[in-house]
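J.: Take a look at the following structure, please.
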Amino acid sequence: MPCCSNIICNGCDYANLIRELKGSLELKCAFCRHPRISDEELELNLMKRVEANDSAAMCQIGGYRRNEGDYVTAFQYYSKAAELGDAHAHYLLTQMYYNGEGVKKDEKKEVYHLERAAIGGNPDARYDLGIAEWHKCRHARAVKHFIIAAKLGHDDYCEL
C-alpha cells in the first residue's frame, strides 16, 4: 500500500518499483510520488484511518494481524469493516470461517459472508458461489455465478 494510503493495483505498484530500480531512482510512492515511508509510519497512518472508520484500512491492518497469526484481532478488524459494508472484508471473513482461523468453523456464517461479498461485487466471492453451486449439482445457477464473476474480471471459470 502506498504511503498516502490510496489503493492501487499490484501491477501498478510493481511497474513503478521496476522503473525505479532500473533507473536507480529513489523509491517513491507509486500514487503520490512522495518518498516511501517506513512500515511503522505506514501502520500509524493506517491506524488513523481506522479511527476514521475507513474499511479498507481495517482490512489492511486485519491482514497484517492475520499474517502474524493473531487471528482474533484480524477477525475483529474484518468484522468492523464488514459492518461498514466492505465486500472484501466479507470475503476475508468467509475465509476465516472456512479455515477456523480465530473462530469456530461455521458453514452458515461462511456462506452468509460469501453471499454478502458476492452481492457487494467481489469477483472471487461470486466465483466461489459458483463452485459451491456446481458441487451441489446446480449447474445452471453455477454458470450464472461464473458469468457474473467473469464480467467482474474473474477468469478462472474457463477452466471448468
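We label chains A, B, ... in the order they appear in the C-alpha cells, count residues from 1 in each chain, and number ligands from 1 in the order shown.
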Let's see if you can do this: from backbone DSSP, list all alpha helix (DSSP H) residues in chain A, as a ChimeraX atom specification.
T.: /A:10-22,39-51,55-68,71-83,87-99,107-119,123-135,139-151
J.: Please list as a count of residues only every residue within 12 Å of Lys104 (chain A), counting only C-alpha atoms and excluding residues in the same chain fewer than 5 positions away.
T.: 12
J.: Show me, as a ChimeraX atom specification, the residues that have an atom within 10 Å of Leu84 (chain A) when counting only C-alpha atoms, minus same-chain residues fewer than 3 positions from it.
T.: /A:53-55,78-81,87,89
J.: Would you pick out the contacts of region 34-48 of chain A at 7 Å or less, using only C-alpha atoms, so that residues sharing its chain but fewer than 5 positions from it are not included, and give the list as a PyMOL selection string?
T.: chain A and resi 3+27-29+57
J.: Selection from above, all heavy atoms, as a PDB file, in the first residue's frame, can you write it?
T.:
```
ATOM      1  N   CYS A   3       2.245   5.149   0.593  1.00  0.00           N
ATOM      2  CA  CYS A   3       2.340   5.931   1.824  1.00  0.00           C
ATOM      3  C   CYS A   3       1.100   6.781   2.058  1.00  0.00           C
ATOM      4  O   CYS A   3       0.723   7.038   3.195  1.00  0.00           O
ATOM      5  CB  CYS A   3       3.575   6.818   1.787  1.00  0.00           C
ATOM      6  SG  CYS A   3       3.490   8.164   0.586  1.00  0.00           S
ATOM      7  N   LEU A  27      13.225   5.366  -4.239  1.00  0.00           N
ATOM      8  CA  LEU A  27      11.949   4.675  -4.128  1.00  0.00           C
ATOM      9  C   LEU A  27      10.889   5.644  -3.617  1.00  0.00           C
ATOM     10  O   LEU A  27      11.056   6.262  -2.577  1.00  0.00           O
ATOM     11  CB  LEU A  27      12.047   3.469  -3.206  1.00  0.00           C
ATOM     12  CG  LEU A  27      13.025   2.375  -3.631  1.00  0.00           C
ATOM     13  CD1 LEU A  27      13.014   1.233  -2.632  1.00  0.00           C
ATOM     14  CD2 LEU A  27      12.689   1.862  -5.015  1.00  0.00           C
ATOM     15  N   LYS A  28       9.812   5.764  -4.395  1.00  0.00           N
ATOM     16  CA  LYS A  28       8.732   6.681  -4.042  1.00  0.00           C
ATOM     17  C   LYS A  28       7.399   5.971  -4.100  1.00  0.00           C
ATOM     18  O   LYS A  28       7.259   4.924  -4.720  1.00  0.00           O
ATOM     19  CB  LYS A  28       8.726   7.884  -4.986  1.00  0.00           C
ATOM     20  CG  LYS A  28       9.954   8.756  -4.863  1.00  0.00           C
ATOM     21  CD  LYS A  28       9.836   9.998  -5.701  1.00  0.00           C
ATOM     22  CE  LYS A  28      11.046  10.885  -5.476  1.00  0.00           C
ATOM     23  NZ  LYS A  28      10.951  12.117  -6.217  1.00  0.00           N
ATOM     24  N   CYS A  29       6.427   6.578  -3.482  1.00  0.00           N
ATOM     25  CA  CYS A  29       5.065   6.063  -3.523  1.00  0.00           C
ATOM     26  C   CYS A  29       4.583   6.075  -4.969  1.00  0.00           C
ATOM     27  O   CYS A  29       4.740   7.067  -5.681  1.00  0.00           O
ATOM     28  CB  CYS A  29       4.169   6.947  -2.651  1.00  0.00           C
ATOM     29  SG  CYS A  29       2.416   6.610  -2.806  1.00  0.00           S
ATOM     30  N   ALA A  57      -8.659   0.430   5.353  1.00  0.00           N
ATOM     31  CA  ALA A  57      -7.563   0.418   6.329  1.00  0.00           C
ATOM     32  C   ALA A  57      -7.767  -0.706   7.342  1.00  0.00           C
ATOM     33  O   ALA A  57      -6.808  -1.357   7.759  1.00  0.00           O
ATOM     34  CB  ALA A  57      -7.466   1.766   7.029  1.00  0.00           C
TER      35      ALA A  57
END
```
J.: Need to verify the contact set: region 144-157 of chain A, 7 Å, only C-alpha atoms, exclusion of same-chain residues closer than 2 positions in sequence. Can you return it as a list in words?
T.: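 What passes the distance filter is Pro123, Asp124, Arg126, Tyr127, Leu129, Gly130, Ala140, Arg141, Ala142, Glu159 and Leu160 of chain A.
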J.: Using N, CA, C and O atoms, can you export the residues from the last selection as a short mmCIF file (atom, residue, chain, number, x, y, z; two decimals), in the first residue's frame?
T.:
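out_24.cif, written as the output of this step:
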```
data_model
loop_
_atom_site.label_atom_id
_atom_site.label_comp_id
_atom_site.auth_asym_id
_atom_site.auth_seq_id
_atom_site.Cartn_x
_atom_site.Cartn_y
_atom_site.Cartn_z
N PRO A 123 -15.46 -10.35 -7.08
CA PRO A 123 -15.46 -11.40 -8.12
C PRO A 123 -15.04 -12.77 -7.59
O PRO A 123 -15.57 -13.79 -8.04
N ASP A 124 -14.12 -12.81 -6.62
CA ASP A 124 -13.70 -14.10 -6.06
C ASP A 124 -14.86 -14.76 -5.31
O ASP A 124 -15.05 -15.97 -5.40
N ARG A 126 -18.04 -14.28 -5.90
CA ARG A 126 -19.02 -14.72 -6.89
C ARG A 126 -18.58 -16.04 -7.52
O ARG A 126 -19.37 -16.95 -7.71
N TYR A 127 -17.30 -16.15 -7.84
CA TYR A 127 -16.75 -17.39 -8.40
C TYR A 127 -16.91 -18.54 -7.41
O TYR A 127 -17.33 -19.64 -7.77
N LEU A 129 -19.09 -18.84 -5.06
CA LEU A 129 -20.50 -19.23 -5.02
C LEU A 129 -20.83 -20.16 -6.18
O LEU A 129 -21.58 -21.13 -6.03
N GLY A 130 -20.27 -19.88 -7.34
CA GLY A 130 -20.46 -20.76 -8.49
C GLY A 130 -19.92 -22.15 -8.23
O GLY A 130 -20.56 -23.15 -8.55
N ALA A 140 -26.91 -24.83 -13.60
CA ALA A 140 -27.42 -23.60 -14.22
C ALA A 140 -27.13 -22.39 -13.34
O ALA A 140 -26.71 -21.34 -13.83
N ARG A 141 -27.34 -22.55 -12.03
CA ARG A 141 -27.04 -21.45 -11.09
C ARG A 141 -25.54 -21.18 -11.06
O ARG A 141 -25.11 -20.03 -11.00
N ALA A 142 -24.76 -22.25 -11.08
CA ALA A 142 -23.30 -22.10 -11.05
C ALA A 142 -22.82 -21.30 -12.25
O ALA A 142 -22.01 -20.37 -12.11
N GLU A 159 -11.73 -22.70 -16.72
CA GLU A 159 -11.03 -23.95 -16.52
C GLU A 159 -11.96 -25.09 -16.15
O GLU A 159 -11.51 -26.21 -15.97
N LEU A 160 -13.25 -24.87 -16.00
CA LEU A 160 -14.16 -25.95 -15.62
C LEU A 160 -14.46 -26.86 -16.78
O LEU A 160 -14.51 -26.55 -17.89
#
```
J.: Just to confirm, what's the straight-line distance from CA of Cys32 (chain A) to CA of Tyr64 (chain A) in Å (one decimal)?
T.: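 The value is 22.9 Å.
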J.: Just checking: using only C-alpha atoms, which residue out of A:Ala82, A:Ile8, A:Ala74, A:Ile61 ends up closest to Arg49 (chain A)?
T.: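 Closest residue, counting only C-alpha atoms: A:Ile61.
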J.: What separation in Å, quoted to one decimal, exists between CA of Cys12 (chain A) and CA of Arg33 (chain A)?
T.: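 Straight-line distance from CA of Cys12 (chain A) to CA of Arg33 (chain A) works out to 12.8 Å.
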J.: Could you check the closest approach to Ile119 (chain A) for each of A:Gly63, A:Tyr91, A:Arg138, A:Gly102 and tell me which residue wins, using only C-alpha atoms?
T.: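 Of A:Gly63, A:Tyr91, A:Arg138, A:Gly102, the one nearest Ile119 (chain A) is A:Tyr91, counting only C-alpha atoms.
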